[in-house]
Amino acid sequence: MNMKNIDTATSQSLIELQGITKVYGSDSVAVHALAGVDLQIDAGEFVAVMGPSGSGKSTCMNILGCLDTPTGGVYRFRGLDVGTLTRDQRALLRRNYLGFVFQGFNLLNRTSALENVELPLIYRGVASCERHRHARRALELVGLAGWESHTPGELSGGQQQRVAIARAIVIEPEVLMADEPTGNLDSTRSREIMELLQSFNTEHGITIVMVTHDAEMARYAKRTIHFLDGRIASVQHNGGQA
Amino acid sequence: MVWETIFLALRAIRRNVLRSSLTMLGIMIGVAAVITMVTLGSGATEQVTAEISSLGSNMLQVRPGQGVRGPGGMRTDADKFEIEDAEAISREVYGLVAVAPTANRSTQAISGNKNWPTSIMGTTNDYLKVRDWQLENGRAFTQNELRSGNTVCLLGTTVRDELFGDKDPVGVRIRLQRLSCQVIGVLESKGLSNFGQDRDDIVLVPLRTFQRRIAGNIDVNDIYVSAQDGISTETIQANIEDLMRERRDIVAGQDDDFHVRDMQEIVSTLTSTTRILTALLSAVAAVSLLVGGIGIMNIMLVSVTERTREIGTRLAIGALEREVLMQFLIEAVVLSSFGGIVGIILGLAAAAAGSNMLGMPFVLNPGIIVIAFVFSAAIGVIFGFFPARQAARLDPIEALRHE
C-alpha cells in the first residue's frame with residue numbers, strides 16, 4: 001500500500017464498489033448495464049478496464065468518475081458514500097480529487113494550451129499568477145514546454161492528448177480517469193502517451209483507472225479488469241510492464 | 001470568477017464577430033431608436049419652451065373654421081374675416097397691445113433675372129409687434145402707405161438673399177405676380193420654426209395692397225392678437241369669442257365657425273404631436289428590442305448546442321451547475337449590453353445629426369442613456385436565462401458523447 005494513503009481512511013481502499021448495479025429504463029425495457037460489480041482499487045494502483053462494447057465498462061467508468069450514480073450498491077470514494085451526494089457535491093468531488101482524460105481530448109478550441117490546462121484551476125478559484133505557474137509546470141511534465149501559447153488546432157493529436165493529460169494532473173488528483181486515451185492515436189503516439197501515464201503513476205503516485213480496447217496498452221497497467229455482460233469476468237495481474 | 005467569466009464571454013463573442021454583431025443588431029436598432037427619439041423630443045421641447053418665453057406667451061391667433069380638435073377636423077368653408085373684424089377686436093376687447101389682420105398666398109418674387117417662389121403676406125405694422133419682429137434695415141410701413149395701399153414691401157432675409165445676394169435691396173422695385181413693388185426694408189432673420197418652415201421666406205405688403213392688387217378680394221385669413229402683460233389670455237380669448245359670435249351671428253348652442261388659439265394651445269398641440277410620435281417610435285423600438293432579445297436567445301441556444309462538448313468537459317472537470325449558468329448568462333448579457341452601448345452611440349449620433357438638420361438644440365438626456373443600458377442588459381438576462389439553464393442542466397456524460 002502506498003504511503004500516501006495511510007493517514008486518510010484507515011484500512012479502507014481508495015475506491016470501493018460493493019454490488020454496484022446500473023439499470024437504464026424500467027420494467028420490461030430495462031437494460032442492466034451493470035449487474036453487481038464488486039471492486040477495490042487502492043491508492044497508487046494503475047488499473048486497466050477492458051471488455052467488449054456493451055459489457056458495462058464505460059458505465060462503470062462513469063460511476064467511478066462520479067459522473068453517474070449507481071442504481072444499486074454502494075460506491076465509497078475515500079470512505080465517502082458517493083451515492084448520497086448531490087449533483088453539485090459530486091462536481092466538487094471531481095474538482096478536487098479527479099482528473100479526466102478523454103478519447104477525443106476535449107480541449108477548448110481556439111484557446112491556448114496554457115489556458116486549457118488552467119481551466120480546472122479557475123474552477124478551484126486559484127489566483128491568476130498561481131494558475132500560470134502550475135499550468136506551465138504541468139505542461140513541462142508532459143513534455144510540452146515551449147508550446148504554451150499554441151491552440152489545439154496547431155498541435156498534433158499526440159500533443160493534444162498531452163495537453164489534456166496536463167489539464168488532468170494540474171490539480172494533483174487522487175485518481176486519473178482515462179477513457180480510451182489512445183483511441184484516436186497511432187501506435188507510436190499511443191506508446192508515448194502510455195509511458196507518460198505510467199510515469200505519473202510510478203513517479204507521482206497518481207492512481208490511474210483507464211478504459212482501453214487495446215491489450216497492448218493494458219499491459220502498462222498493473223492490473224487488468226475484464227468486463228463481460230455487466231460483470232467483472234476476470235482480473236489479471238501483470239507487473240505493469242510494457 | 002466573475003471577471004474570468006466576463007473575459008471568457010468576450011472571447012466567445014470575438015470568436016464569431018459576424019454572428020455576434022448580427023445578434024446584437026436588433027438590440028442596437030431598438031436602443032438607437034429610443035435614444036434618437038427621446039433626444040430629439042427633448043430638443044424640440046426645449047426649443048418650443050425657449051421660443052414661447054422669447055415670444056411672450058401672450059399671443060393669440062384667431063382663424064376661421066373650427067379648431068383642429070373639433071369633430072370632423074378643420075372646416076375650411078367657414079366665412080373669412082374682414083378687416084373690420086380686426087378693427088372691432090382692437091376697439092372692443094380690453095387689454096390688447098396689437099391686433100394684426102393677415103392674408104397670405106404663395107407667389108413668385110421676381111427681381112431682374114432672379115426668380116424665387118415665396119409666400120406673400122398682407123398685414124399691418126401690428127404684425128411686427130405681435131411677432132416681436134425687428135427690421136434689419138430700412139423702415140416699416142407708414143400709416144399713409146397702409147391706408148392707401150401703396151406698392152411697398154418688406155423682405156425676409158431668405159428672399160433678400162435669393163434675389164439680391166449681398167446687395168442692399170432697399171429702394172429697389174421687385175415684381176410680385178403682376179404687381180411692381182418697392183422694397184422699403186428687410187426683416188431680421190428668425191430662422192426655422194418648430195415645424196421646419198423657413199420663417200424668413202416671406203414678403204410683407206400692406207394688407208390693403210394685398211387685397212386690392214394681389215388677392216382681388218377683401219378677405220382676412222388670420223388675426224393675430226397680442227395681450228398686455230398681466231392680462232389673462234383666457235379672458236381675452238373669451239372676450240374675442242363673444243365678440244366674433246355676435247359679429248358672425250352665431251346663436252347660442254350653435255358651434256363656432258372660428259377658432260381662437262393661444263400660444264399655450266399651439267405648444268400643447270405641438271408637444272402632443274411629439275408625444276404621439278415618440279410613443280409610436282417607442283412601440284417600434286419595443287418590438288425591435290423584443291426581436292433582438294429573441295435573436296439573442298436563438299443564438300445562445302445555437303451556442304449551447306455547438307459547445308455541448310465544452311460544457312460536458314467543464315462539468316466533468318468540476319464546474320457547478322450555477323457556474324455554467326453564469327457563464328452563459330454573462331455571455332448573453334455581454335452581447336446585449338454591448339449591443340446597447342453601440343445603439344446608444346448610434347442613437348446619439350443620429351440625434352445630433354437630426355437636431356442639426358432640423359435646427360434644434362441637441363439636449364443630452366443622461367437618464368435615458370442609463371435606462372437604455374440597463375434595459376439592454378436586462379434583455380440579456382431575460383432572454384439568456386433559458387439557454388443558460390439548458391446548458392447548466394446538461395448531463396455531463398451525454399454532453400461529452402455529443403458530436
# chains A, B, ... in the order shown; residues from 1 in each chain; ligands from 1
$ residues_around --residues "range 306-322 of chain B" --least-positions-apart "6" --cutoff "6 Å" --atoms "only C-alpha atoms" --output "PyMOL selection string"
(chain A and resi 88+91-92+94-95) or (chain B and resi 392+396+399-400)
$ write_last_selection --atoms "N, CA and C atoms" --output "compact mmCIF listing (two decimals), in the first residue's frame"
# COMPACT_ATOMS: atom_id res chain seq x y z
N ASP A 88 -24.11 18.75 -7.31
CA ASP A 88 -23.06 19.74 -7.07
C ASP A 88 -21.96 19.19 -6.18
N ALA A 91 -19.78 17.22 -8.25
CA ALA A 91 -18.94 18.12 -9.05
C ALA A 91 -17.75 18.60 -8.23
N LEU A 92 -17.99 18.92 -6.97
CA LEU A 92 -16.90 19.38 -6.11
C LEU A 92 -15.89 18.26 -5.87
N ARG A 94 -15.22 15.81 -7.96
CA ARG A 94 -14.44 15.70 -9.21
C ARG A 94 -13.40 16.81 -9.28
N ARG A 95 -13.86 18.00 -8.91
CA ARG A 95 -13.00 19.17 -8.99
C ARG A 95 -11.74 18.99 -8.14
N ALA B 392 -26.62 24.50 -18.25
CA ALA B 392 -26.24 24.10 -16.90
C ALA B 392 -26.82 22.75 -16.53
N PRO B 396 -23.46 15.54 -17.95
CA PRO B 396 -22.08 15.57 -18.44
C PRO B 396 -21.73 14.38 -19.33
N ALA B 399 -23.28 15.00 -22.68
CA ALA B 399 -22.63 16.15 -23.31
C ALA B 399 -21.26 15.77 -23.86
N LEU B 400 -20.54 14.92 -23.12
CA LEU B 400 -19.21 14.51 -23.58
C LEU B 400 -19.30 13.62 -24.81
$ interface_residues --of "chain A" --to "chain B" --cutoff "12 Å" --atoms "only C-alpha atoms" --output "count of residues only"
60
$ residues_around --residues "Leu348 in chain B" --least-positions-apart "4" --cutoff "10 Å" --atoms "only C-alpha atoms" --output "VMD selection string"
chain B and resid 32 to 40 342 to 344 352 to 354 362 to 365 369
$ select_by_dssp --residues "range 117-224 of chain A" --states "strand (DSSP E)" --output "JSON list (two decimals) with C-alpha atoms, in the first residue's frame"
[["chain", "number", "residue", "atom", "x", "y", "z"],
["A", 175, "VAL", "CA", -7.28, 9.44, -9.34],
["A", 176, "LEU", "CA", -6.83, 10.00, -13.04],
["A", 177, "MET", "CA", -9.73, 8.64, -15.10],
["A", 178, "ALA", "CA", -8.64, 7.89, -18.64],
["A", 179, "ASP", "CA", -11.31, 6.83, -21.12],
["A", 207, "THR", "CA", -3.85, 6.34, -9.14],
["A", 208, "ILE", "CA", -4.94, 5.65, -12.71],
["A", 209, "VAL", "CA", -8.06, 3.94, -13.96],
["A", 210, "MET", "CA", -8.04, 3.50, -17.72],
["A", 211, "VAL", "CA", -10.54, 2.05, -20.15],
["A", 223, "ARG", "CA", -3.93, -4.94, -13.09],
["A", 224, "THR", "CA", -6.40, -5.52, -15.91]]
$ select_by_dssp --residues "range 39-286 of chain B" --states "helix (DSSP H, G or I)" --output "PyMOL selection string"
chain B and resi 39-55+83-92+125-130+143-148+157-164+207-215+233-247+263-286
$ residues_around --residues "Asp168 in chain B" --least-positions-apart "3" --cutoff "12 Å" --atoms "only C-alpha atoms" --output "list in words"
Glu136, Asn137, Gly138, Leu155, Thr157, Arg160, Asp161, Leu163, Phe164, Gly165, Gly171, Val172, Arg173, Val183, Ile184, Gly185 and Val186 of chain B
$ residues_around --residues "Leu17 in chain A" --least-positions-apart "3" --cutoff "7 Å" --atoms "only C-alpha atoms" --output "PDB file with C-alpha atoms, in the first residue's frame"
ATOM      1  CA  ILE A  20     -22.975  -1.898  -7.925  1.00  0.00           C
ATOM      2  CA  VAL A  37     -19.875  -5.196  -9.545  1.00  0.00           C
ATOM      3  CA  ASP A  38     -17.513  -5.526  -6.602  1.00  0.00           C
ATOM      4  CA  LEU A  39     -14.190  -3.806  -6.974  1.00  0.00           C
ATOM      5  CA  GLN A  40     -11.492  -2.293  -4.827  1.00  0.00           C
ATOM      6  CA  VAL A  74     -22.502   1.306  -2.576  1.00  0.00           C
ATOM      7  CA  TYR A  75     -19.620   3.291  -4.026  1.00  0.00           C
ATOM      8  CA  ARG A  76     -17.174   4.607  -1.457  1.00  0.00           C
TER       9      ARG A  76
END
$ atom_distance --atom1 "CA of Ser180 in chain B" --atom2 "CA of Thr142 in chain B"
18.3 Å
$ atom_distance --atom1 "CA of Glu16 in chain A" --atom2 "CA of Met194 in chain A"
25.1 Å
$ residues_around --residues "Thr158 in chain B" --least-positions-apart "4" --cutoff "8 Å" --atoms "only C-alpha atoms" --output "list in words"
Glu162, Asp200, Asp201 and Ile202 of chain B
$ write_last_selection --atoms "C-alpha atoms" --output "CSV table (one decimal), in the first residue's frame"
chain,number,residue,atom,x,y,z
B,162,GLU,CA,-32.1,84.7,-53.1
B,200,ASP,CA,-37.6,84.3,-43.4
B,201,ASP,CA,-39.0,83.1,-46.7
B,202,ILE,CA,-41.7,85.8,-46.8
$ residues_around --residues "Glu92 in chain B" --least-positions-apart "4" --cutoff "9 Å" --atoms "only C-alpha atoms" --output "list in words"
Glu87, Ala88, Asn239, Ile240 and Leu243 of chain B
